[in-house]
$ cat start_24.txt   # compact mmCIF, C-alpha atoms and all ligand atoms
# COMPACT_ATOMS: atom_id res chain seq x y z
CA MET A 1 107.52 132.90 89.04
CA GLY A 2 110.88 131.48 90.10
CA ILE A 3 111.65 127.81 90.43
CA ILE A 4 113.11 125.93 93.38
CA LEU A 5 114.16 122.35 92.75
CA TYR A 6 114.48 119.94 95.65
CA ILE A 7 116.67 116.88 95.08
CA GLY A 8 116.56 114.20 97.73
CA LYS A 9 115.42 110.67 98.36
CA ASN A 10 113.75 110.95 101.76
CA LYS A 11 110.11 110.15 100.94
CA GLU A 12 108.75 111.81 104.06
CA ILE A 13 110.35 115.07 102.97
CA THR A 14 109.45 114.87 99.28
CA ASP A 15 105.83 113.97 100.09
CA ASN A 16 105.59 116.82 102.55
CA ILE A 17 107.03 119.54 100.39
CA ALA A 18 105.02 118.36 97.39
CA GLU A 19 102.04 119.95 99.12
CA ILE A 20 103.58 123.38 99.62
CA THR A 21 102.30 126.39 97.67
CA LEU A 22 104.50 129.47 97.48
CA LYS A 23 103.71 132.97 96.31
CA ASN A 24 106.67 133.61 94.08
CA HIS A 25 108.15 130.22 93.32
CA GLU A 26 107.14 126.94 91.87
CA VAL A 27 108.60 123.95 93.72
CA ALA A 28 109.74 120.93 91.72
CA ILE A 29 110.87 117.71 93.34
CA LEU A 30 113.28 115.15 92.07
CA ASN A 31 113.34 111.99 94.14
CA CYS A 32 115.19 109.79 91.68
CA ASN A 33 118.38 111.46 90.64
CA SER A 34 119.78 109.43 87.76
CA HIS A 35 118.40 111.89 85.21
CA TYR A 36 119.16 115.04 87.16
CA LYS A 37 120.84 116.76 84.21
CA HIS A 38 117.67 116.56 82.13
CA TYR A 39 115.64 118.08 84.93
CA ILE A 40 118.08 120.83 85.82
CA GLU A 41 118.30 121.83 82.15
CA GLU A 42 114.55 121.63 81.83
CA TYR A 43 113.60 123.67 84.90
CA MET A 44 116.64 125.95 85.03
CA PRO A 45 115.80 126.56 88.68
CA ASP A 46 116.80 129.70 90.56
CA TYR A 47 117.53 127.62 93.65
CA ILE A 48 118.37 123.98 94.22
CA ILE A 49 118.09 122.39 97.62
CA LEU A 50 120.21 119.25 97.48
CA SER A 51 120.21 116.66 100.20
CA ALA A 52 123.69 115.29 100.80
CA ASP A 53 122.29 111.81 101.23
CA THR A 54 121.45 111.71 97.51
CA ASP A 55 123.23 108.74 95.91
CA ASN A 56 125.43 110.59 93.44
CA TYR A 57 125.64 113.72 95.54
CA SER A 58 129.22 114.68 94.60
CA GLU A 59 128.54 114.43 90.88
CA ILE A 60 125.32 116.45 91.15
CA SER A 61 126.79 119.19 93.34
CA ARG A 62 129.76 119.56 90.98
CA TYR A 63 127.41 119.83 88.03
CA ILE A 64 125.33 122.53 89.76
CA ALA A 65 128.44 124.43 90.85
CA GLU A 66 129.25 125.01 87.16
CA LYS A 67 125.93 126.78 86.66
CA ASN A 68 126.37 130.32 87.95
CA SER A 69 122.73 131.28 87.79
CA ILE A 70 121.66 128.59 90.28
CA LYS A 71 121.94 129.16 94.02
CA LEU A 72 122.65 125.93 95.82
CA ILE A 73 121.65 124.96 99.34
CA ILE A 74 122.94 121.69 100.71
CA THR A 75 121.21 119.93 103.58
CA GLU A 76 122.21 116.92 105.69
CA LYS A 77 125.80 118.04 105.24
CA ASP A 78 126.84 116.17 108.40
CA LYS A 79 126.80 112.96 106.39
CA LEU A 80 129.81 114.14 104.42
CA ASP A 81 133.32 114.91 105.48
CA ILE A 82 134.44 116.53 102.25
CA ASP A 83 133.52 119.97 101.02
CA GLN A 84 132.23 119.63 97.49
CA SER A 85 130.81 123.02 96.65
CA GLY A 86 132.71 126.05 97.86
CA ASN A 87 130.04 128.68 97.54
CA ALA A 88 126.91 126.75 98.41
CA LEU A 89 124.98 127.44 101.58
CA GLN A 90 125.51 124.35 103.71
CA ILE A 91 123.35 123.12 106.52
CA SER A 92 125.33 120.63 108.55
CA GLU A 93 122.49 118.94 110.35
CA PRO A 94 119.84 116.39 109.64
CA THR A 95 117.05 118.47 108.14
CA SER A 96 113.39 117.70 108.71
CA SER A 97 110.61 118.33 106.22
CA GLY A 98 109.44 121.21 108.46
CA GLN A 99 112.83 122.87 108.19
CA ILE A 100 112.90 122.42 104.41
CA LYS A 101 109.49 124.09 104.25
CA GLU A 102 110.88 126.95 106.34
CA ILE A 103 113.79 127.35 103.93
CA LEU A 104 111.35 127.38 101.01
CA ASN A 105 109.26 130.07 102.68
CA ILE A 106 112.31 132.21 103.44
CA ILE A 107 113.54 132.03 99.85
CA ASP A 108 110.05 132.90 98.70
CA LYS A 109 109.98 135.98 100.93
CA ILE A 110 113.43 137.35 100.20
CA ASP A 111 113.37 136.69 96.49
CA GLN A 112 110.12 138.09 95.21
CA ILE A 113 109.75 138.00 91.49
CA GLU A 114 106.65 139.36 89.77
CA PRO A 115 103.55 137.90 91.35
CA ASP A 116 101.84 135.19 89.38
CA ASN A 117 98.59 133.42 90.13
CA ASN A 118 99.64 130.24 88.49
CA ARG A 119 100.82 128.45 91.64
CA LYS A 120 101.46 124.82 91.32
CA CYS A 121 103.85 122.18 92.45
CA LYS A 122 105.24 119.78 89.91
CA TYR A 123 106.24 116.38 91.19
CA ALA A 124 108.87 114.85 88.98
CA LYS A 125 108.19 111.16 89.42
CA GLN A 126 110.01 110.37 86.20
CA GLU A 127 109.78 106.61 86.08
CA VAL A 128 111.11 105.05 82.89
CA LEU A 129 110.41 101.36 83.09
CA SER A 130 111.58 98.76 80.55
CA PHE A 131 110.42 95.18 80.20
CA TYR A 132 112.86 92.78 78.55
CA SER A 133 113.72 89.08 78.45
CA ILE A 134 116.41 86.71 77.29
CA GLN A 135 114.01 84.50 75.33
CA GLY A 136 110.89 85.03 73.23
CA GLY A 137 107.23 84.54 74.13
CA VAL A 138 107.65 84.78 77.91
CA GLY A 139 104.96 87.42 78.42
CA LYS A 140 106.78 90.78 78.16
CA THR A 141 104.08 92.45 76.13
CA SER A 142 101.30 91.05 78.32
CA ILE A 143 103.00 92.13 81.56
CA ALA A 144 104.13 95.53 80.24
CA PHE A 145 100.60 96.37 79.14
CA ASN A 146 99.07 95.00 82.34
CA THR A 147 101.41 97.29 84.30
CA ALA A 148 100.32 100.33 82.27
CA TRP A 149 96.69 99.29 82.75
CA TYR A 150 97.11 98.85 86.50
CA LEU A 151 98.74 102.27 86.88
CA SER A 152 96.14 103.95 84.66
CA LYS A 153 93.42 102.89 87.11
CA ARG A 154 95.26 104.46 90.01
CA ASN A 155 95.64 108.11 89.07
CA ILE A 156 99.37 108.22 89.14
CA GLY A 157 99.60 110.69 86.28
CA ARG A 158 100.12 110.39 82.55
CA ILE A 159 101.36 107.10 81.15
CA LEU A 160 103.10 106.44 77.86
CA LEU A 161 103.67 102.91 76.57
CA ILE A 162 106.34 102.66 73.90
CA ASP A 163 106.32 99.52 71.81
CA LEU A 164 109.79 98.90 70.38
CA ASN A 165 108.88 95.63 68.63
CA PHE A 166 109.81 96.83 65.14
CA CYS A 167 108.39 94.48 62.53
CA GLU A 168 106.93 94.27 59.05
CA GLY A 169 103.23 95.00 59.47
CA PRO A 170 101.41 95.84 62.70
CA SER A 171 103.04 94.92 66.03
CA ASP A 172 101.51 92.56 68.61
CA ILE A 173 100.22 95.50 70.63
CA SER A 174 98.51 97.16 67.68
CA ILE A 175 96.91 93.87 66.66
CA ARG A 176 95.81 92.78 70.10
CA LEU A 177 94.65 96.17 71.33
CA LYS A 178 93.09 97.06 67.98
CA VAL A 179 94.48 100.57 68.23
CA ASP A 180 94.76 103.03 65.35
CA ARG A 181 97.68 101.65 63.33
CA LEU A 182 98.21 104.81 61.42
CA ALA A 183 99.14 106.83 64.50
CA ASN A 184 102.58 105.31 64.91
CA MET A 185 106.22 106.15 65.35
CA SER A 186 106.73 106.92 61.67
CA SER A 187 105.14 110.38 62.19
CA TYR A 188 107.64 111.02 64.96
CA ILE A 189 110.50 109.97 62.67
CA LYS A 190 109.24 112.29 59.91
CA ASN A 191 108.67 115.20 62.32
CA THR A 192 112.14 114.80 63.80
CA LEU A 193 113.76 114.80 60.37
CA LYS A 194 111.91 118.06 59.68
CA GLY A 195 113.31 119.46 62.92
CA ALA A 196 110.07 119.36 64.94
CA GLY A 197 110.14 116.63 67.54
CA ASN A 198 106.39 116.56 68.11
CA ILE A 199 105.28 113.20 69.52
CA GLN A 200 101.53 113.64 69.89
CA ASP A 201 100.50 112.68 66.34
CA SER A 202 102.43 109.39 66.73
CA ILE A 203 100.36 108.41 69.73
CA THR A 204 97.12 106.55 70.09
CA ASN A 205 95.16 106.29 73.33
CA LEU A 206 93.43 103.40 75.04
CA ASN A 207 91.79 103.94 78.41
CA ASN A 208 94.06 106.80 79.45
CA ILE A 209 97.18 105.00 78.31
CA ASP A 210 98.99 106.77 75.52
CA ILE A 211 100.61 104.23 73.24
CA MET A 212 103.30 104.65 70.61
CA VAL A 213 103.50 101.65 68.29
CA PRO A 214 106.31 101.06 65.80
CA PRO A 215 106.06 102.02 62.12
CA LEU A 216 104.20 99.61 59.83
CA SER A 217 107.29 98.65 57.85
CA LEU A 218 110.89 97.79 58.64
CA HIS A 219 111.94 100.25 55.97
CA GLN A 220 110.36 103.09 57.98
CA SER A 221 111.70 101.67 61.25
CA ASP A 222 115.24 101.90 59.86
CA GLY A 223 114.93 105.68 60.13
CA PHE A 224 114.64 105.45 63.91
CA ASN A 225 118.07 105.89 65.46
CA LEU A 226 119.63 106.33 68.88
CA ASP A 227 119.47 110.13 68.78
CA MET A 228 115.77 109.94 68.02
CA LEU A 229 115.22 107.57 70.92
CA ASN A 230 117.07 109.91 73.26
CA ASP A 231 115.06 112.90 72.04
CA LEU A 232 111.85 110.89 72.29
CA ILE A 233 112.45 109.91 75.91
CA TYR A 234 113.64 113.41 76.74
CA SER A 235 110.52 115.08 75.38
CA ALA A 236 108.19 112.36 76.67
CA ARG A 237 109.53 113.03 80.15
CA ASN A 238 108.12 116.54 79.96
CA ASP A 239 104.63 115.23 79.30
CA TYR A 240 104.45 111.90 81.13
CA ASP A 241 104.90 110.68 84.68
CA VAL A 242 105.57 107.08 83.75
CA ILE A 243 107.04 105.79 80.51
CA ILE A 244 106.89 102.04 79.94
CA ALA A 245 108.88 100.39 77.15
CA ASP A 246 108.12 96.95 75.73
CA ILE A 247 111.49 95.78 74.44
CA PRO A 248 111.73 92.88 71.97
CA PHE A 249 113.87 89.83 72.50
CA ARG A 250 116.29 91.01 69.86
CA TYR A 251 118.95 93.33 71.05
CA ASP A 252 119.54 96.01 68.51
CA ASN A 253 121.16 99.27 69.57
CA VAL A 254 117.80 100.93 70.11
CA SER A 255 116.69 98.24 72.57
CA LEU A 256 119.95 98.41 74.48
CA GLU A 257 119.84 102.21 74.61
CA MET A 258 116.25 102.09 75.83
CA LEU A 259 117.36 99.84 78.67
CA ASN A 260 120.19 102.21 79.37
CA LEU A 261 117.82 105.20 79.61
CA SER A 262 115.46 103.44 82.01
CA THR A 263 115.25 104.20 85.72
CA SER A 264 113.98 100.65 86.33
CA SER A 265 114.08 97.42 84.38
CA VAL A 266 112.01 94.28 84.69
CA ILE A 267 113.26 91.02 83.24
CA VAL A 268 110.47 88.57 82.49
CA LEU A 269 111.65 85.01 83.16
CA SER A 270 110.28 81.64 82.20
CA PRO A 271 110.53 78.71 84.64
CA ASP A 272 113.31 77.26 82.48
CA ILE A 273 116.13 77.98 84.89
CA SER A 274 118.74 76.44 82.61
CA LEU A 275 118.70 79.80 80.78
CA ALA A 276 119.75 81.72 83.91
CA PRO A 277 123.42 82.08 82.80
CA ARG A 278 122.18 84.13 79.85
CA VAL A 279 120.49 86.54 82.28
CA VAL A 280 123.76 86.89 84.15
CA ASP A 281 125.69 87.67 80.97
CA PHE A 282 123.11 90.21 79.92
CA GLN A 283 123.52 92.32 83.06
CA LYS A 284 126.57 94.07 81.59
CA PHE A 285 124.23 96.03 79.32
CA LEU A 286 122.33 97.57 82.23
CA PRO A 287 123.38 100.74 84.04
CA GLU A 288 124.70 100.11 87.52
CA LYS A 289 122.32 102.45 89.33
CA GLN A 290 119.15 101.17 87.69
CA LYS A 291 116.53 99.49 89.85
CA LYS A 292 116.41 95.92 88.57
CA VAL A 293 113.76 93.35 89.26
CA ALA A 294 112.69 90.05 87.76
CA ILE A 295 109.28 88.47 87.43
CA LEU A 296 108.46 84.85 86.64
CA ASN A 297 105.73 83.96 84.19
CA LYS A 298 104.03 80.75 83.07
CA VAL A 299 104.96 78.89 86.25
CA GLU A 300 103.52 75.36 86.34
CA GLU A 301 102.86 72.87 89.06
CA GLY A 302 106.10 71.21 89.99
CA ASP A 303 108.17 74.36 89.33
CA ILE A 304 109.01 74.66 92.99
CA GLN A 305 111.99 76.54 94.35
CA ILE A 306 112.72 78.29 91.04
CA LYS A 307 112.25 81.76 92.54
CA LYS A 308 114.98 81.18 95.12
CA ASP A 309 117.23 79.33 92.69
CA TYR A 310 116.91 82.10 90.12
CA GLU A 311 117.67 84.79 92.71
CA SER A 312 120.78 83.03 93.86
CA ILE A 313 122.10 82.74 90.30
CA ILE A 314 121.11 86.07 88.78
CA GLY A 315 121.40 88.30 91.86
CA ILE A 316 118.21 90.20 90.98
CA PRO A 317 115.15 89.99 93.26
CA VAL A 318 112.29 88.00 91.77
CA CYS A 319 109.39 90.12 92.95
CA GLY A 320 106.49 87.96 91.90
CA GLN A 321 105.23 85.21 89.68
CA PHE A 322 102.32 84.36 87.42
CA ASP A 323 101.08 80.83 86.97
CA PHE A 324 100.68 79.36 83.52
CA VAL A 325 97.00 79.67 82.65
CA PRO A 326 95.67 77.01 80.25
CA LYS A 327 93.87 78.38 77.20
CA ASN A 328 90.38 77.50 78.42
CA ASN A 329 90.82 79.38 81.69
CA ARG A 330 92.51 82.45 80.26
CA LYS A 331 90.65 85.69 80.92
CA SER A 332 91.29 88.76 78.82
CA LEU A 333 91.40 92.35 80.00
CA LYS A 334 88.11 94.14 79.49
CA ASP A 335 87.37 97.76 78.81
CA GLY A 336 83.70 97.96 79.72
CA LYS A 337 82.17 95.39 77.45
CA SER A 338 84.89 95.33 74.84
CA VAL A 339 87.53 92.68 75.23
CA ILE A 340 91.19 93.61 74.94
CA GLY A 341 93.25 90.85 73.39
CA LEU A 342 95.78 90.48 76.21
CA PRO A 343 95.53 88.25 79.28
CA ASP A 344 94.17 89.80 82.48
CA MET A 345 97.11 89.64 84.90
CA GLN A 346 95.89 92.44 87.19
CA ALA A 347 95.75 90.25 90.29
CA GLY A 348 99.51 89.81 90.35
CA ILE A 349 100.66 93.19 89.03
CA GLY A 350 100.16 95.06 92.32
CA GLN A 351 103.11 93.29 93.87
CA LEU A 352 105.39 94.27 91.00
CA VAL A 353 104.19 97.88 91.08
CA ASP A 354 104.65 98.12 94.86
CA TYR A 355 108.17 96.90 94.39
CA LEU A 356 108.95 99.43 91.69
CA PHE A 357 107.24 102.60 92.95
N1 LIG B 1 100.74 83.36 82.51
C1 LIG B 1 100.42 82.97 81.27
N2 LIG B 1 99.82 81.77 81.06
C2 LIG B 1 99.52 81.37 79.82
N3 LIG B 1 99.76 82.08 78.72
C3 LIG B 1 100.36 83.27 78.85
C4 LIG B 1 100.72 83.79 80.12
N4 LIG B 1 101.31 85.00 79.94
C5 LIG B 1 101.31 85.22 78.62
N5 LIG B 1 100.75 84.21 77.95
C6 LIG B 1 100.58 84.04 76.50
O1 LIG B 1 101.86 83.80 75.93
C7 LIG B 1 101.96 84.38 74.65
C8 LIG B 1 103.19 85.29 74.59
O2 LIG B 1 102.98 86.39 75.46
P1 LIG B 1 103.57 87.83 75.10
O3 LIG B 1 103.12 88.74 76.17
O4 LIG B 1 103.23 88.20 73.70
O5 LIG B 1 105.13 87.52 75.24
P2 LIG B 1 106.41 88.31 74.65
O6 LIG B 1 106.03 89.75 74.53
O7 LIG B 1 107.46 88.06 75.67
O8 LIG B 1 106.71 87.69 73.35
C9 LIG B 1 100.66 85.11 74.42
O9 LIG B 1 99.82 84.30 73.65
C10 LIG B 1 100.08 85.30 75.82
O10 LIG B 1 98.67 85.34 75.81
MG MG B 2 106.13 90.99 72.85
$ encode --input "start_24.txt" --output "structure tokens"
Amino acid sequence: MGIILYIGKNKEITDNIAEITLKNHEVAILNCNSHYKHYIEEYMPDYIILSADTDNYSEISRYIAEKNSIKLIITEKDKLDIDQSGNALQISEPTSSGQIKEILNIIDKIDQIEPDNNRKCKYAKQEVLSFYSIQGGVGKTSIAFNTAWYLSKRNIGRILLIDLNFCEGPSDISIRLKVDRLANMSSYIKNTLKGAGNIQDSITNLNNIDIMVPPLSLHQSDGFNLDMLNDLIYSARNDYDVIIADIPFRYDNVSLEMLNLSTSSVIVLSPDISLAPRVVDFQKFLPEKQKKVAILNKVEEGDIQIKKDYESIIGIPVCGQFDFVPKNNRKSLKDGKSVIGLPDMQAGIGQLVDYLF
């Protein structure tokens, strides 16, 4: 079974070719290209069809050109006036999803590798989403978990929630969700030091959400370094469609690197707009191409106009807000009859998810 990787951002095309089944090739689709190197290394495709309207097209085509074993086909070439890849097949016209399907079928016919019954199409959604803030207690953990919960009810694939709130004793998530505290990141740290980067025995599951909580002591957490985080995200991307990180309000190198590895970031804001300059200063830590959104939490009566005011200062769209809910009215998430110790914010999460996905 050969592999053909399609890289492009036109949703009509990616949705259409996601349905195709070929005899001799598996088709993988990459619609968000910031982590293209990971995916090219991972799939080692025989062919790549690259749409020239991809954001970092030149960089990607140069990278592929160095790999002799990959045959490159470029579509939408009319949008470019420079020739990036000498020996690629170039199609200098806008290319419809029907035409891409035709190309896929032709490749499949002319390049027949041993037949294989295992025909499937892997859709590389590869969302890595980080929640962060510039002050404590604003609702990061509540909103990060509510997002995972919302997605888990909507069949979007496998979800991993990584809790980076390193502390002495169990983290907020392990306390509030009452998950198995012994399945935590310390197993991953030990496995990695032994040379086996297995993540599954560091993970606990709640309602189809896989959760990795931090080690139970700061001494163990000290063993977690940037290389381990990179390896963790790299291997998690093979197994999960969405990875959500809950980042503490304490910017160690691991938190900053996590933000750097994310395809999207969500800053959780409080209505205290006097802190907005801190948000502005923080932006230098985020990669330029990342999708960035903000969400307001604990908004009270009288906090009018803050959404607009925030947007004009921080330059990031505020894609929703949650009102402050007094203690007596607070509802918790429920899993059947058992109560999960985090507020139920499902009603407002849809808007955030629509914005991000
Ligand atoms: N909209 C809200 N209204 C009232 N209380 C909230 C709201 N959102 C979160 N909280 C509460 O605020 C506290 C801090 O929330 P948490 O999610 O732990 O924040 P962080 O992770 O940013 O520290 C928790 O007790 C949580 O239940
Ligand atoms: Mg928290």
$ residues_near_ligand --input "start_24.txt" --ligand "ligand LIG 1 (chain B)" --cutoff "6 Å" --atoms "all atoms listed in the file" --output "number ranges by chain"
A: 136-142, 297-298, 322-326, 342-343
$ residues_near_point --input "start_24.txt" --point "(113.0, 113.4, 79.6)" --cutoff "10 Å" --atoms "all atoms listed in the file" --output "PyMOL selection string"
chain A and resi 35-39+42+126-128+230-241+243+261
$ atom_distance --input "start_24.txt" --atom1 "CA of Ala65 in chain A" --atom2 "CA of Ile110 in chain A"
21.9 Å
$ residues_near_point --input "start_24.txt" --point "(117.1, 83.7, 91.5)" --cutoff "12 Å" --atoms "only C-alpha atoms" --output "MDAnalysis selection string"
chainID A and resid 267 269:277 279:280 293:296 305:320
$ atom_distance --input "start_24.txt" --atom1 "CA of Tyr188 in chain A" --atom2 "CA of Ser264 in chain A"
24.6 Å
$ atom_distance --input "start_24.txt" --atom1 "CA of Gln283 in chain A" --atom2 "CA of Thr54 in chain A"
24.3 Å
$ closest_residue --input "start_24.txt" --among "A:Tyr47, A:Phe224, A:Phe249, A:Phe145" --to "Leu333 in chain A" --atoms "all atoms listed in the file"
A:Phe145
$ residues_around --input "start_24.txt" --residues "Lys101 in chain A" --least-positions-apart "3" --cutoff "12 Å" --atoms "all atoms listed in the file" --output "PDB file with C-alpha atoms, in the coordinates of the input"
ATOM      1  CA  ILE A   4     113.110 125.930  93.380  1.00  0.00           C
ATOM      2  CA  TYR A   6     114.480 119.940  95.650  1.00  0.00           C
ATOM      3  CA  ILE A  13     110.350 115.070 102.970  1.00  0.00           C
ATOM      4  CA  THR A  14     109.450 114.870  99.280  1.00  0.00           C
ATOM      5  CA  ASP A  15     105.830 113.970 100.090  1.00  0.00           C
ATOM      6  CA  ASN A  16     105.590 116.820 102.550  1.00  0.00           C
ATOM      7  CA  ILE A  17     107.030 119.540 100.390  1.00  0.00           C
ATOM      8  CA  ALA A  18     105.020 118.360  97.390  1.00  0.00           C
ATOM      9  CA  GLU A  19     102.040 119.950  99.120  1.00  0.00           C
ATOM     10  CA  ILE A  20     103.580 123.380  99.620  1.00  0.00           C
ATOM     11  CA  THR A  21     102.300 126.390  97.670  1.00  0.00           C
ATOM     12  CA  LEU A  22     104.500 129.470  97.480  1.00  0.00           C
ATOM     13  CA  VAL A  27     108.600 123.950  93.720  1.00  0.00           C
ATOM     14  CA  ILE A  49     118.090 122.390  97.620  1.00  0.00           C
ATOM     15  CA  THR A  95     117.050 118.470 108.140  1.00  0.00           C
ATOM     16  CA  SER A  96     113.390 117.700 108.710  1.00  0.00           C
ATOM     17  CA  SER A  97     110.610 118.330 106.220  1.00  0.00           C
ATOM     18  CA  GLY A  98     109.440 121.210 108.460  1.00  0.00           C
ATOM     19  CA  LEU A 104     111.350 127.380 101.010  1.00  0.00           C
ATOM     20  CA  ASN A 105     109.260 130.070 102.680  1.00  0.00           C
ATOM     21  CA  ILE A 106     112.310 132.210 103.440  1.00  0.00           C
ATOM     22  CA  ILE A 107     113.540 132.030  99.850  1.00  0.00           C
ATOM     23  CA  ASP A 108     110.050 132.900  98.700  1.00  0.00           C
TER      24      ASP A 108
END
$ closest_residue --input "start_24.txt" --among "A:Asn165, A:Ser187, A:Gln99, A:Asn260" --to "ligand MG 2 (chain B)" --atoms "only C-alpha atoms and all ligand atoms"
A:Asn165
$ residues_around --input "start_24.txt" --residues "Ser332 in chain A" --least-positions-apart "2" --cutoff "7 Å" --atoms "only C-alpha atoms" --output "VMD selection string"
chain A and resid 330 334 339 to 344
$ closest_residue --input "start_24.txt" --among "A:Pro214, A:Pro287, A:Gly350, A:Pro248" --to "ligand MG 2 (chain B)" --atoms "all atoms listed in the file"
A:Pro248
$ closest_residue --input "start_24.txt" --among "A:Ala144, A:Ile64, A:Leu151, A:Leu229" --to "Met185 in chain A" --atoms "all atoms listed in the file"
A:Leu229
